[in-house]
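Visitor: Attaching a single structure in structure tokens format; questions to follow.
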Amino acid sequence: FSAELCQAWEVAAREASALGTQVTALRLGVVFARSGGALNKMTQSFRLGVESWLGSGSQWLSWVHLTDVVRAIDHALTAATPAPIYNVVAPHAIRHRDLATEVGRFHRIWLKLGVPSTAARLLAGQMAEELLLTGQCVLPRQLEDEGFDFHFPTVTEALKDLARR
């Protein structure tokens with residue numbers, strides 16, 4: 001569903017190109033920010049001393065720090081000839097289990113526990129499979145080719161920044 005939705009949005013946006021409007025699509029990864037957003041939801045159990053991940057934990061997570069999202073938007077707006085599509089994700093995707101380990105370094109952990117895939121499917125239905133239990137290792141090739149320098153290229157750097165604010 002989400003892939004089809006994104007494709008439909010991009011097709012609709014490209015129709016504006018036929019009218020002479022420059023169109024650039026930004027494909028955002030999971031945005032990490034200090035307040036709100038996916039990271040807080042993904043790490044609720046850590047505040048209770050439970051390091052957790054969904055399913056096997058081997059699925060990829062393509063993420064990006066909010067600061068780099070804003071900088072990528074600025075890059076696209078100010079480029080002399082922006083690309084038609086940018087993957088706005090950090091250059092180092094991470095597997096869910098590895099993310100749990102990294103987040104766990106910032107908390108006192110008493111228990112490490114994987115949430116079975118069946119439990120995620122019961123709670124979130126079809127969306128669990130699509131958004132939580134399956135991942136893609138997306139890379140920001142176009143941004144890197146254009147010399148974009150990520151302030152937070154690794155999840156460790158991003159988490160350190162978000163923890164100190």
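By convention in this document, the chains of the structure tokens carry letters A, B, ... by their order, each chain's residues are numbered from 1, and ligands are numbered from 1 in the order they are shown.
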List every residue of chain A that DSSP, applied to the backbone of this structure, places in alpha helix (DSSP H), and write the result as number ranges by chain.

Guide: A: 2-17, 37-42, 66-78, 96-104, 117-124, 126-127, 141-145, 155-164

Visitor: Please compute the CA of Ala33 (chain A)-CA of Asp161 (chain A) distance, one decimal, in Å.

Guide: 9.6 Å

Visitor: Neighbours of region 93-98 of chain A within 10 Å (only C-alpha atoms; same-chain residues fewer than 6 positions away dropped), as a list in words?

Guide: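 After dropping sequence-adjacent residues, the list is Gly29, Met42, Glu51, Ser52, Trp53, Leu54, Gly55, Ser56, Gly57, Ser58, Gln59, Trp60, Leu61, Ser62, Trp63, Val64, Gly104, Gly114, Leu132, Leu133, Gly135, Gln136, Cys137, Val138, Leu139, Pro153, Thr154 and Val155 of chain A.
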
Visitor: With N, CA, C and O atoms kept, could you save the residues just selected as a CSV table (one decimal), in the first residue's frame?

Guide:
```csv
chain,number,residue,atom,x,y,z
A,29,GLY,N,13.1,8.8,4.8
A,29,GLY,CA,13.2,7.7,5.7
A,29,GLY,C,12.4,8.0,7.0
A,29,GLY,O,11.8,9.0,7.1
A,42,MET,N,9.1,4.0,18.9
A,42,MET,CA,9.9,2.8,18.8
A,42,MET,C,10.7,2.5,20.0
A,42,MET,O,11.1,1.3,20.2
A,51,GLU,N,14.9,-3.5,26.4
A,51,GLU,CA,15.4,-3.3,25.0
A,51,GLU,C,14.6,-4.2,24.1
A,51,GLU,O,14.5,-5.4,24.3
A,52,SER,N,13.9,-3.7,23.1
A,52,SER,CA,13.0,-4.5,22.3
A,52,SER,C,13.2,-4.2,20.8
A,52,SER,O,13.7,-3.1,20.4
A,53,TRP,N,12.8,-5.1,20.0
A,53,TRP,CA,12.8,-5.0,18.5
A,53,TRP,C,11.6,-5.9,18.0
A,53,TRP,O,11.1,-6.7,18.7
A,54,LEU,N,11.2,-5.6,16.8
A,54,LEU,CA,10.1,-6.4,16.2
A,54,LEU,C,10.6,-7.5,15.4
A,54,LEU,O,11.5,-7.4,14.6
A,55,GLY,N,9.9,-8.6,15.4
A,55,GLY,CA,10.2,-9.8,14.6
A,55,GLY,C,11.6,-10.3,14.9
A,55,GLY,O,12.1,-10.2,16.0
A,56,SER,N,12.3,-10.6,13.8
A,56,SER,CA,13.7,-11.1,13.9
A,56,SER,C,14.6,-10.0,14.2
A,56,SER,O,15.7,-10.2,14.7
A,57,GLY,N,14.3,-8.8,13.9
A,57,GLY,CA,15.2,-7.6,14.1
A,57,GLY,C,16.2,-7.5,12.9
A,57,GLY,O,17.0,-6.6,12.9
A,58,SER,N,16.1,-8.4,11.9
A,58,SER,CA,17.1,-8.3,10.9
A,58,SER,C,16.6,-7.4,9.7
A,58,SER,O,17.4,-7.1,8.8
A,59,GLN,N,15.4,-6.9,9.8
A,59,GLN,CA,14.9,-6.0,8.8
A,59,GLN,C,15.6,-4.6,8.8
A,59,GLN,O,16.0,-4.1,9.9
A,60,TRP,N,15.8,-4.0,7.6
A,60,TRP,CA,16.5,-2.8,7.5
A,60,TRP,C,15.6,-1.6,7.9
A,60,TRP,O,14.4,-1.7,7.7
A,61,LEU,N,16.2,-0.6,8.5
A,61,LEU,CA,15.5,0.7,8.8
A,61,LEU,C,16.3,1.8,8.1
A,61,LEU,O,17.5,2.0,8.5
A,62,SER,N,15.7,2.5,7.2
A,62,SER,CA,16.4,3.6,6.5
A,62,SER,C,15.8,4.8,7.3
A,62,SER,O,14.6,5.1,7.2
A,63,TRP,N,16.7,5.5,8.0
A,63,TRP,CA,16.3,6.6,8.9
A,63,TRP,C,17.0,7.9,8.5
A,63,TRP,O,18.0,7.8,7.7
A,64,VAL,N,16.7,9.0,9.1
A,64,VAL,CA,17.4,10.2,8.9
A,64,VAL,C,17.1,11.2,10.1
A,64,VAL,O,16.0,11.2,10.7
A,104,GLY,N,19.8,1.1,23.4
A,104,GLY,CA,20.0,0.5,24.8
A,104,GLY,C,21.2,1.1,25.5
A,104,GLY,O,21.3,1.1,26.7
A,114,GLY,N,12.6,-9.6,22.0
A,114,GLY,CA,12.1,-9.4,20.7
A,114,GLY,C,10.6,-9.6,20.7
A,114,GLY,O,10.1,-10.5,21.5
A,132,LEU,N,6.5,-2.5,9.5
A,132,LEU,CA,7.3,-2.8,10.7
A,132,LEU,C,8.2,-4.1,10.6
A,132,LEU,O,9.2,-4.1,11.1
A,133,LEU,N,7.7,-5.0,9.8
A,133,LEU,CA,8.4,-6.3,9.8
A,133,LEU,C,9.2,-6.5,8.5
A,133,LEU,O,10.0,-7.5,8.4
A,135,GLY,N,11.8,-4.4,5.7
A,135,GLY,CA,12.5,-3.1,5.6
A,135,GLY,C,13.2,-3.1,4.2
A,135,GLY,O,13.3,-4.1,3.5
A,136,GLN,N,13.7,-1.9,3.9
A,136,GLN,CA,14.6,-1.7,2.7
A,136,GLN,C,15.8,-1.0,3.2
A,136,GLN,O,15.7,-0.1,4.0
A,137,CYS,N,16.9,-1.3,2.5
A,137,CYS,CA,18.1,-0.6,2.7
A,137,CYS,C,18.2,0.5,1.6
A,137,CYS,O,18.8,0.3,0.6
A,138,VAL,N,17.7,1.7,1.9
A,138,VAL,CA,17.6,2.8,0.9
A,138,VAL,C,18.8,3.7,1.2
A,138,VAL,O,19.2,3.9,2.4
A,139,LEU,N,19.5,4.1,0.2
A,139,LEU,CA,20.7,5.0,0.3
A,139,LEU,C,20.4,6.3,-0.4
A,139,LEU,O,19.7,6.4,-1.4
A,153,PRO,N,25.5,11.1,9.9
A,153,PRO,CA,25.5,10.0,9.0
A,153,PRO,C,25.2,8.6,9.7
A,153,PRO,O,24.8,7.7,9.0
A,154,THR,N,25.5,8.5,11.0
A,154,THR,CA,25.3,7.2,11.6
A,154,THR,C,24.3,7.4,12.8
A,154,THR,O,24.1,8.5,13.3
A,155,VAL,N,23.7,6.3,13.1
A,155,VAL,CA,22.6,6.3,14.1
A,155,VAL,C,23.3,6.6,15.5
A,155,VAL,O,22.6,7.3,16.3
```

Visitor: What parts of region 21-65 of chain A does DSSP call strand (DSSP E)? I'd like the answer as a list in words.

Guide: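 Here are the strand (DSSP E) residues of region 21-65 of chain A: Ala25, Leu26, Arg27, Leu28, Val30, Val31, Phe32, Val50, Glu51, Ser52, Trp53, Leu54, Trp60, Leu61, Trp63, Val64 and His65 of chain A.
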
Visitor: Suppose you want the space between CA of Arg47 (chain A) and CA of Lys160 (chain A); what is it in Å?

Guide: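 Here the two named atoms are 16.2 Å from each other.
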
Visitor: Tell me which protein, DNA and RNA residues are within 10 Å of Ile73 (chain A), counting only C-alpha atoms, leaving out same-chain ones fewer than 6 positions away, and put them as a ChimeraX atom specification.

Guide: /A:24,26,86,88
